[in-house]
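S.K.: Dropping in my_file.csv, which is CSV, C-alpha atoms and all ligand atoms:
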chain,number,residue,atom,x,y,z
A,1,MET,CA,15.5,-18.3,3.4
A,2,ARG,CA,14.7,-14.8,2.2
A,3,VAL,CA,11.3,-13.1,1.9
A,4,LEU,CA,10.5,-9.7,0.3
A,5,GLU,CA,7.5,-7.6,1.2
A,6,LYS,CA,6.2,-4.3,-0.3
A,7,ALA,CA,5.2,-1.8,2.4
A,8,PRO,CA,3.1,0.9,0.8
A,9,ALA,CA,2.0,4.2,2.3
A,10,LYS,CA,-1.6,5.3,3.1
A,11,ILE,CA,-3.4,8.5,2.7
A,12,ASN,CA,-6.6,9.6,4.6
A,13,LEU,CA,-9.3,10.7,2.3
A,14,SER,CA,-11.5,11.6,5.3
A,15,LEU,CA,-10.5,11.8,9.0
A,16,ASP,CA,-13.0,12.6,11.7
A,17,VAL,CA,-12.5,12.5,15.5
A,18,LEU,CA,-15.5,11.7,17.6
A,19,HIS,CA,-14.3,12.1,21.2
A,20,LYS,CA,-11.4,11.5,23.5
A,21,ARG,CA,-11.5,8.1,25.2
A,22,LYS,CA,-10.8,7.1,28.8
A,23,ASP,CA,-7.6,5.3,27.7
A,24,GLY,CA,-6.2,8.6,26.3
A,25,PHE,CA,-6.7,7.6,22.6
A,26,HIS,CA,-9.3,9.3,20.3
A,27,GLU,CA,-12.2,7.6,18.8
A,28,VAL,CA,-11.8,8.1,15.0
A,29,LYS,CA,-13.8,7.5,11.9
A,30,MET,CA,-11.6,7.7,8.8
A,31,ILE,CA,-11.2,6.5,5.3
A,32,MET,CA,-7.8,5.2,4.4
A,33,THR,CA,-6.5,4.1,1.0
A,34,THR,CA,-3.2,2.6,-0.1
A,35,ILE,CA,-1.0,4.5,-2.6
A,36,ASP,CA,1.9,3.3,-4.8
A,37,LEU,CA,4.7,4.8,-2.7
A,38,ALA,CA,6.3,2.0,-0.8
A,39,ASP,CA,9.2,0.9,1.4
A,40,ARG,CA,10.8,-2.5,0.7
A,41,VAL,CA,11.2,-4.9,3.6
A,42,GLU,CA,13.6,-7.9,3.2
A,43,LEU,CA,13.6,-10.6,5.8
A,44,VAL,CA,16.5,-13.1,6.0
A,45,ASP,CA,17.0,-15.9,8.6
A,46,LEU,CA,19.9,-15.3,11.0
A,47,PRO,CA,21.9,-18.3,12.5
A,48,TYR,CA,21.6,-16.9,16.0
A,49,ASP,CA,18.5,-15.7,18.1
A,50,GLU,CA,18.5,-11.9,17.5
A,51,ILE,CA,16.4,-9.3,15.7
A,52,ARG,CA,18.6,-7.1,13.6
A,53,ILE,CA,17.3,-3.9,11.8
A,54,ILE,CA,19.3,-2.5,8.8
A,55,SER,CA,17.9,0.7,7.3
A,56,HIS,CA,20.7,3.2,6.2
A,57,ASN,CA,18.3,6.1,7.1
A,58,ARG,CA,19.4,8.4,9.9
A,59,PHE,CA,15.7,9.1,10.8
A,60,VAL,CA,14.8,5.5,11.3
A,61,PRO,CA,15.8,3.8,14.6
A,62,ASP,CA,17.7,0.5,14.3
A,63,ASP,CA,16.7,-0.9,17.7
A,64,GLN,CA,13.5,-1.8,19.6
A,65,ARG,CA,12.0,1.6,18.8
A,66,ASN,CA,11.6,0.5,15.2
A,67,LEU,CA,8.0,-0.7,14.6
A,68,ALA,CA,9.3,-3.6,12.4
A,69,TYR,CA,11.4,-4.7,15.3
A,70,GLN,CA,8.4,-4.6,17.5
A,71,ALA,CA,6.4,-6.7,15.0
A,72,ALA,CA,9.1,-9.4,14.9
A,73,LYS,CA,9.4,-9.4,18.7
A,74,LEU,CA,5.6,-9.7,19.1
A,75,LEU,CA,5.5,-12.8,16.8
A,76,LYS,CA,8.6,-14.3,18.5
A,77,ASP,CA,7.2,-13.9,22.0
A,78,ARG,CA,3.6,-14.9,21.1
A,79,PHE,CA,4.6,-18.1,19.2
A,80,LYS,CA,7.8,-18.9,21.1
A,81,ILE,CA,10.0,-18.7,18.0
A,82,ARG,CA,13.7,-19.1,18.9
A,83,LYS,CA,15.1,-18.0,15.6
A,84,GLY,CA,17.0,-14.9,14.6
A,85,ILE,CA,15.9,-12.5,11.8
A,86,SER,CA,17.5,-9.7,9.9
A,87,ILE,CA,15.1,-7.0,8.7
A,88,SER,CA,16.4,-4.7,5.9
A,89,ILE,CA,14.2,-1.7,5.3
A,90,THR,CA,14.7,0.4,2.2
A,91,LYS,CA,12.8,3.6,2.9
A,92,THR,CA,11.0,5.5,0.2
A,93,ILE,CA,8.1,6.7,2.3
A,94,PRO,CA,9.2,10.0,4.1
A,95,VAL,CA,9.5,9.5,7.9
A,96,ALA,CA,7.1,11.1,10.4
A,97,ALA,CA,5.0,12.3,7.5
A,98,GLY,CA,1.4,11.2,8.1
A,99,LEU,CA,1.8,8.4,5.6
A,100,ALA,CA,2.1,5.5,8.1
A,101,GLY,CA,5.6,4.5,6.9
A,102,GLY,CA,6.6,2.8,10.1
A,103,SER,CA,3.2,1.2,10.5
A,104,SER,CA,3.5,-0.3,7.0
A,105,ASP,CA,7.0,-1.6,7.7
A,106,ALA,CA,5.6,-3.3,10.8
A,107,ALA,CA,2.7,-4.7,8.8
A,108,ALA,CA,5.0,-6.0,6.1
A,109,THR,CA,7.1,-7.7,8.7
A,110,LEU,CA,4.1,-9.4,10.2
A,111,ARG,CA,3.0,-10.7,6.7
A,112,GLY,CA,6.6,-11.7,5.8
A,113,LEU,CA,7.4,-13.5,9.0
A,114,ASN,CA,4.0,-15.3,8.8
A,115,ARG,CA,5.3,-16.8,5.5
A,116,LEU,CA,8.9,-17.3,6.5
A,117,TRP,CA,8.1,-19.0,9.8
A,118,ASN,CA,5.0,-20.9,8.4
A,119,LEU,CA,2.8,-19.6,11.2
A,120,GLY,CA,-0.4,-20.0,9.1
A,121,LEU,CA,-2.1,-16.9,10.5
A,122,THR,CA,-4.9,-15.2,8.6
A,123,LEU,CA,-4.8,-11.5,7.6
A,124,ASP,CA,-7.5,-10.9,10.3
A,125,GLU,CA,-5.2,-12.5,12.9
A,126,LEU,CA,-2.2,-10.5,11.7
A,127,ALA,CA,-4.3,-7.3,11.8
A,128,ASN,CA,-5.3,-8.0,15.4
A,129,LEU,CA,-1.7,-8.5,16.4
A,130,GLY,CA,-0.8,-5.3,14.5
A,131,ALA,CA,-3.2,-3.3,16.7
A,132,GLU,CA,-0.9,-4.1,19.6
A,133,ILE,CA,1.9,-2.2,17.8
A,134,GLY,CA,0.1,0.9,16.6
A,135,SER,CA,-3.3,2.2,15.5
A,136,ASP,CA,-2.4,2.3,11.8
A,137,VAL,CA,-0.8,-1.1,11.6
A,138,SER,CA,-4.1,-3.1,11.3
A,139,PHE,CA,-5.1,-1.2,8.1
A,140,CYS,CA,-1.6,-1.6,6.7
A,141,VAL,CA,-1.7,-5.4,7.2
A,142,TYR,CA,-4.6,-5.5,4.6
A,143,GLY,CA,-3.9,-2.4,2.4
A,144,GLY,CA,-6.7,-1.4,0.0
A,145,THR,CA,-9.4,1.0,1.0
A,146,ALA,CA,-11.2,0.9,4.3
A,147,LEU,CA,-13.3,2.7,6.9
A,148,ALA,CA,-11.3,2.6,10.1
A,149,THR,CA,-13.0,3.1,13.4
A,150,GLY,CA,-12.2,2.6,17.1
A,151,ARG,CA,-8.8,4.1,17.6
A,152,GLY,CA,-8.2,3.1,13.9
A,153,GLU,CA,-7.8,-0.6,14.3
A,154,ILE,CA,-11.4,-1.7,13.4
A,155,ILE,CA,-11.3,-2.2,9.6
A,156,GLN,CA,-14.2,-2.4,7.2
A,157,HIS,CA,-13.3,-2.8,3.5
A,158,ILE,CA,-15.0,-0.4,1.1
A,159,THR,CA,-15.0,0.5,-2.6
A,160,PRO,CA,-11.6,1.8,-3.8
A,161,PRO,CA,-11.3,5.3,-5.4
A,162,PRO,CA,-11.5,5.5,-9.2
A,163,HIS,CA,-8.1,5.7,-11.0
A,164,CYS,CA,-6.4,9.0,-10.5
A,165,TRP,CA,-2.9,10.4,-9.7
A,166,VAL,CA,-1.8,11.5,-6.2
A,167,VAL,CA,0.8,14.2,-5.9
A,168,LEU,CA,2.5,14.3,-2.4
A,169,ALA,CA,4.6,17.1,-1.0
A,170,LYS,CA,6.3,16.8,2.4
A,171,PRO,CA,7.8,19.9,4.0
A,172,THR,CA,11.1,19.3,5.8
A,173,ILE,CA,9.4,19.3,9.3
A,174,GLY,CA,8.4,16.0,11.0
A,175,VAL,CA,5.2,15.9,13.0
A,176,SER,CA,4.5,14.1,16.3
A,177,THR,CA,1.1,12.4,16.0
A,178,ALA,CA,0.7,12.4,19.8
A,179,ASP,CA,1.2,16.3,19.8
A,180,VAL,CA,-1.4,16.8,17.1
A,181,TYR,CA,-4.0,14.7,18.9
A,182,LYS,CA,-3.2,16.5,22.2
A,183,ASN,CA,-3.7,19.9,20.6
A,184,LEU,CA,-7.0,19.1,19.0
A,185,ASN,CA,-9.9,21.0,20.5
A,186,ILE,CA,-12.8,18.5,20.4
A,187,ASN,CA,-15.4,21.3,20.8
A,188,SER,CA,-14.5,23.2,17.7
A,189,ILE,CA,-14.4,20.4,15.2
A,190,HIS,CA,-16.0,20.8,11.7
A,191,HIS,CA,-16.8,17.1,11.0
A,192,PRO,CA,-16.3,15.8,7.5
A,193,TYR,CA,-19.2,13.8,5.9
A,194,VAL,CA,-17.6,10.3,6.1
A,195,GLU,CA,-20.8,8.4,5.0
A,196,GLY,CA,-21.1,10.7,2.0
A,197,MET,CA,-17.5,9.8,1.0
A,198,ILE,CA,-18.2,6.1,1.3
A,199,GLU,CA,-21.2,6.6,-1.0
A,200,ALA,CA,-19.2,8.7,-3.5
A,201,LEU,CA,-16.6,5.9,-3.6
A,202,LYS,CA,-19.3,3.3,-4.1
A,203,ILE,CA,-20.6,5.1,-7.2
A,204,GLY,CA,-17.2,6.2,-8.4
A,205,ASP,CA,-18.1,9.9,-8.3
A,206,TYR,CA,-14.7,11.6,-8.6
A,207,ASP,CA,-16.0,15.2,-8.3
A,208,GLN,CA,-17.9,14.3,-5.1
A,209,ILE,CA,-14.9,12.5,-3.7
A,210,CYS,CA,-12.9,15.7,-4.2
A,211,ASN,CA,-15.7,17.8,-2.7
A,212,LEU,CA,-16.0,15.7,0.5
A,213,MET,CA,-12.3,15.3,1.4
A,214,GLY,CA,-11.7,16.5,4.9
A,215,ASN,CA,-9.3,16.0,7.9
A,216,VAL,CA,-10.0,17.4,11.4
A,217,LEU,CA,-6.4,17.2,12.3
A,218,GLU,CA,-5.5,19.6,9.5
A,219,SER,CA,-6.3,22.8,11.5
A,220,VAL,CA,-4.1,21.7,14.4
A,221,THR,CA,-1.0,21.0,12.2
A,222,LEU,CA,-1.6,24.1,10.0
A,223,HIS,CA,-1.6,26.2,13.2
A,224,MET,CA,1.6,24.6,14.4
A,225,TYR,CA,3.4,24.8,11.0
A,226,PRO,CA,2.0,27.5,8.7
A,227,GLU,CA,4.2,26.3,5.8
A,228,VAL,CA,1.8,23.3,5.4
A,229,ALA,CA,-0.9,25.8,4.5
A,230,ASN,CA,1.4,27.4,2.0
A,231,ILE,CA,2.0,24.0,0.3
A,232,LYS,CA,-1.7,23.4,0.2
A,233,ASP,CA,-2.2,26.8,-1.5
A,234,GLN,CA,0.6,26.1,-4.0
A,235,MET,CA,-0.8,22.7,-4.9
A,236,LYS,CA,-4.3,24.2,-5.6
A,237,ARG,CA,-2.7,27.0,-7.6
A,238,PHE,CA,-0.8,24.5,-9.8
A,239,GLY,CA,-4.1,22.7,-10.6
A,240,ALA,CA,-4.7,19.7,-8.3
A,241,ASP,CA,-8.4,18.9,-8.3
A,242,ALA,CA,-8.6,18.6,-4.5
A,243,VAL,CA,-5.9,19.0,-1.8
A,244,LEU,CA,-5.7,17.7,1.8
A,245,MET,CA,-3.2,17.0,4.6
A,246,SER,CA,-2.7,13.2,5.3
A,247,GLY,CA,-3.2,11.9,8.8
A,248,SER,CA,-1.4,14.1,11.4
A,249,GLY,CA,0.7,15.6,8.6
A,250,PRO,CA,2.7,17.4,7.5
A,251,THR,CA,2.5,15.7,4.0
A,252,VAL,CA,0.0,17.3,1.7
A,253,PHE,CA,-1.6,15.3,-1.1
A,254,GLY,CA,-3.5,16.4,-4.2
A,255,LEU,CA,-5.7,14.4,-6.5
A,256,VAL,CA,-5.2,14.8,-10.2
A,257,GLN,CA,-7.6,13.0,-12.6
A,258,TYR,CA,-5.9,13.7,-16.0
A,259,GLU,CA,-2.3,12.7,-16.6
A,260,SER,CA,-1.8,15.8,-18.9
A,261,ARG,CA,-2.2,18.0,-15.8
A,262,LEU,CA,0.3,16.1,-13.7
A,263,PRO,CA,3.7,17.7,-14.8
A,264,ARG,CA,2.4,21.2,-13.9
A,265,VAL,CA,1.4,20.2,-10.4
A,266,TYR,CA,4.5,18.0,-9.8
A,267,ASN,CA,7.1,20.4,-11.2
A,268,GLY,CA,5.4,23.4,-9.6
A,269,LEU,CA,5.7,21.8,-6.1
A,270,ARG,CA,9.3,20.8,-6.7
A,271,GLY,CA,10.2,24.5,-6.5
A,272,PHE,CA,8.9,24.6,-2.9
A,273,CYS,CA,9.6,21.2,-1.5
A,274,ASP,CA,12.4,18.6,-1.6
A,275,GLN,CA,10.2,15.6,-1.2
A,276,VAL,CA,7.6,15.5,-4.0
A,277,PHE,CA,6.1,12.3,-5.4
A,278,ALA,CA,3.5,11.6,-8.2
A,279,VAL,CA,2.0,8.1,-7.7
A,280,ARG,CA,-1.1,6.1,-8.5
A,281,MET,CA,-3.8,5.1,-6.1
A,282,LEU,CA,-3.4,1.4,-5.1
A,283,GLY,CA,-6.7,1.0,-3.3
A,284,GLU,CA,-7.9,-2.3,-4.6
A,285,ARG,CA,-8.6,-5.0,-2.1
A,286,ASN,CA,-5.8,-7.4,-3.1
A,287,CYS,CA,-3.2,-4.7,-3.9
A,288,LEU,CA,-0.5,-6.5,-1.8
A,289,ASP,CA,-0.8,-9.9,-3.5
B,301,LIG,C1,-3.2,10.1,12.4
B,301,LIG,C2,-3.3,8.7,12.0
B,301,LIG,O1,-2.1,8.3,11.3
B,301,LIG,C3,-4.5,8.6,10.9
B,301,LIG,O2,-4.4,7.4,10.2
B,301,LIG,C4,-3.6,7.7,13.1
B,301,LIG,O3,-4.7,8.1,13.8
B,301,LIG,C5,-2.4,7.6,14.0
B,301,LIG,O4,-1.9,6.3,14.0
B,301,LIG,P1,-0.5,5.8,14.7
B,301,LIG,O5,0.6,6.8,14.3
B,301,LIG,O6,-0.4,4.4,14.4
B,301,LIG,O7,-0.8,6.1,16.2
B,301,LIG,P2,-0.3,5.3,17.5
B,301,LIG,O8,1.2,5.0,17.3
B,301,LIG,O9,-1.2,4.2,17.8
B,301,LIG,O10,-0.4,6.5,18.6
B,301,LIG,C6,0.4,7.6,18.7
B,301,LIG,C7,-0.2,8.6,19.6
B,301,LIG,O11,-1.3,9.3,18.9
B,301,LIG,C8,-2.4,9.5,19.7
B,301,LIG,N1,-3.6,8.8,19.2
B,301,LIG,C9,-3.4,7.9,18.1
B,301,LIG,C10,-4.5,7.3,17.6
B,301,LIG,C11,-5.8,7.6,18.1
B,301,LIG,N2,-6.9,7.1,17.6
B,301,LIG,N3,-5.9,8.5,19.1
B,301,LIG,C12,-4.8,9.1,19.6
B,301,LIG,O12,-5.0,10.0,20.5
B,301,LIG,C13,-2.0,8.9,21.1
B,301,LIG,O13,-1.5,10.0,21.9
B,301,LIG,C14,-0.9,8.0,20.8
B,301,LIG,O14,0.0,7.9,21.9
B,302,LIG,N1,10.2,1.5,10.3
B,302,LIG,C1,10.1,2.8,10.6
B,302,LIG,N2,10.1,3.7,9.7
B,302,LIG,C2,10.1,5.0,10.0
B,302,LIG,N3,10.0,5.5,11.2
B,302,LIG,C3,10.0,4.6,12.2
B,302,LIG,C4,10.0,3.2,12.0
B,302,LIG,N4,10.0,2.6,13.1
B,302,LIG,C5,9.8,3.5,14.1
B,302,LIG,N5,9.9,4.7,13.6
B,302,LIG,C6,9.8,6.0,14.3
B,302,LIG,O1,8.4,6.4,14.2
B,302,LIG,C7,8.3,7.8,14.1
B,302,LIG,C8,7.1,8.1,13.1
B,302,LIG,O2,7.5,7.7,11.9
B,302,LIG,P1,6.4,7.2,10.7
B,302,LIG,O3,7.1,7.4,9.4
B,302,LIG,O4,5.8,5.9,11.0
B,302,LIG,O5,5.3,8.4,11.0
B,302,LIG,P2,3.9,8.7,10.3
B,302,LIG,O6,4.0,8.4,8.8
B,302,LIG,O7,3.5,10.0,10.7
B,302,LIG,O8,2.9,7.6,10.9
B,302,LIG,P3,1.3,7.7,11.0
B,302,LIG,O9,0.8,8.2,9.7
B,302,LIG,O10,1.0,6.2,11.3
B,302,LIG,O11,1.0,8.5,12.2
B,302,LIG,C9,9.6,8.3,13.5
B,302,LIG,O12,10.0,9.5,14.0
B,302,LIG,C10,10.6,7.1,13.9
B,302,LIG,O13,11.4,7.5,14.9
Please go through the file and, once you have read it, give me the structure as structure tokens.
M.R.:
Amino acid sequence: MRVLEKAPAKINLSLDVLHKRKDGFHEVKMIMTTIDLADRVELVDLPYDEIRIISHNRFVPDDQRNLAYQAAKLLKDRFKIRKGISISITKTIPVAAGLAGGSSDAAATLRGLNRLWNLGLTLDELANLGAEIGSDVSFCVYGGTALATGRGEIIQHITPPPHCWVVLAKPTIGVSTADVYKNLNINSIHHPYVEGMIEALKIGDYDQICNLMGNVLESVTLHMYPEVANIKDQMKRFGADAVLMSGSGPTVFGLVQYESRLPRVYNGLRGFCDQVFAVRMLGERNCLD
């Protein structure tokens, strides 16, 4: 049997950090939404009991370090499955980019194996399992648009953004999420207005969504890698309506409401960056069906 799953990236429209917890993680409050930039995860039964990862991408590990491997191992152990599985990952989402690529591959593997092995788990159950793999995996199990709290694993679905384009530009550096959180100075945070963003989404107020975008991790990554600030400036200069770094970075995204403006922003960025994408939001609740 063979199962195909789409594994889309996320962006953070708003990302606040409240405090550092005793377990070393940070308590966050963030708004995540799915975008139409996706890896493809193909699951095929193997005749022997082994988890095999195939990715053809030199930045993606093909062993137990791969988050999709960890997802398959978790299900095998928890439900005592004695079957082998081949997991082929066709990467489109840039790696170590702040777009939850690995987390989305893990989430797609959970959804796909649930079908392939007839486990009958609900999305809520899969999201709870996903939290054992990484903080972003629970959101990626559902996709859509959500307020994520706790260390990122407590998900509340909210109104998706109105239709617009998202231009993404990833500089050649890869960023360690752990390093960014470690270098965050909790006492000098300028908190974004997350509740205001939820309200703006609810009434579909595009201008207000643009005004309220904010990410407290941005200052840390911009300090570590000044080229990220440069890409932000360029994206604004080429006419994006609002510009922000996603997650721990280094990918910068810009919102563009009118398609007629898109070529200028996209082509302008291509002059500075190898990895530039222009995609649609995919924030509807059932975007993965
Ligand atoms: C930056 C974001 O991508 C925003 O969506 C997430 O907060 C990070 O999610 P993630 O990459 O799935 O993170 P994990 O794999 O769970 O954790 C990686 C490392 O980031 C730090 N970390 C992560 C999440 C969190 N709420 N607090 C943290 O301090 C921890 O040092 C952890 O060891
Ligand atoms: N399936 C996978 N795809 C990409 N990277 C993976 C995968 N599994 C494990 N990794 C490892 O995870 C690291 C982070 O990659 P990933 O693309 O998930 O980062 P990210 O987009 O910054 O994640 P997040 O936004 O959740 O913090 C990579 O350097 C890679 O070694």
S.K.: Taking only C-alpha atoms and all ligand atoms and a cut-off of 6 Å, can you tell me which residues surround ligand LIG 302 (chain B), written as a list of chain:residue names?
M.R.: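 Written in the requested form, the residues are A:Val60, A:Pro61, A:Arg65, A:Asn66, A:Leu67, A:Ala68, A:Val95, A:Ala96, A:Ala97, A:Gly98, A:Leu99, A:Ala100, A:Gly101, A:Gly102, A:Ser103, A:Asp105, A:Asp136, A:Thr177, A:Gly247.
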S.K.: Looking at A:Asn118, A:Asn267, A:Thr159, A:Ser260, which one is nearest to Gly204 (chain A), with distances taken over all atoms listed in the file?
M.R.: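 Smallest distance to Gly204 (chain A) is found for A:Thr159.
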S.K.: Tell me which protein, DNA and RNA residues are within 10 Å of region 274-289 of chain A, counting all atoms listed in the file, leaving out same-chain ones fewer than 2 positions away, and put them as a ChimeraX atom specification.
M.R.: /A:5-11,32-37,93-94,108,140-146,157-172,251-256,262-263,265-272
S.K.: My list of candidates is A:Asn230, A:Asn183, A:Thr122, A:Gln208. Which is closest to ligand LIG 301 (chain B) when distances are computed with only C-alpha atoms and all ligand atoms?
M.R.: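 For ligand LIG 301 (chain B), the nearest of the candidates is A:Asn183.
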S.K.: Collect all residues with atoms no farther than 8 Å from ligand LIG 301 (chain B), counting only C-alpha atoms and all ligand atoms, and output them as a ChimeraX atom specification.
M.R.: /A:10-12,15,20,24-28,30,32,98-100,103,131,133-137,150-152,176-182,217,246-249
S.K.: Is it possible to add N, CA and C atoms to region 145-157 of chain A and hand it back as a compact mmCIF listing (two decimals), in the coordinates of the input?
M.R.:
# COMPACT_ATOMS: atom_id res chain seq x y z
N THR A 145 -8.66 -0.21 0.59
CA THR A 145 -9.40 1.00 1.00
C THR A 145 -10.37 0.58 2.08
N ALA A 146 -10.41 1.34 3.16
CA ALA A 146 -11.20 0.90 4.30
C ALA A 146 -11.75 2.08 5.11
N LEU A 147 -12.86 1.78 5.80
CA LEU A 147 -13.30 2.70 6.90
C LEU A 147 -12.68 2.12 8.14
N ALA A 148 -11.97 2.99 8.85
CA ALA A 148 -11.30 2.60 10.10
C ALA A 148 -11.96 3.30 11.26
N THR A 149 -12.37 2.54 12.26
CA THR A 149 -13.00 3.10 13.40
C THR A 149 -12.30 2.65 14.70
N GLY A 150 -12.92 2.93 15.88
CA GLY A 150 -12.20 2.60 17.10
C GLY A 150 -11.11 3.63 17.28
N ARG A 151 -9.91 3.15 17.63
CA ARG A 151 -8.80 4.10 17.60
C ARG A 151 -8.05 3.99 16.25
N GLY A 152 -8.69 3.28 15.29
CA GLY A 152 -8.20 3.10 13.90
C GLY A 152 -7.98 1.69 13.56
N GLU A 153 -8.18 0.79 14.53
CA GLU A 153 -7.80 -0.60 14.30
C GLU A 153 -9.04 -1.48 13.87
N ILE A 154 -10.25 -0.91 13.86
CA ILE A 154 -11.40 -1.70 13.40
C ILE A 154 -11.63 -1.37 11.91
N ILE A 155 -11.42 -2.39 11.09
CA ILE A 155 -11.30 -2.20 9.60
C ILE A 155 -12.51 -2.78 8.89
N GLN A 156 -13.15 -1.95 8.06
CA GLN A 156 -14.20 -2.40 7.20
C GLN A 156 -13.82 -2.07 5.76
N HIS A 157 -13.71 -3.07 4.89
CA HIS A 157 -13.30 -2.80 3.50
C HIS A 157 -14.38 -2.11 2.73
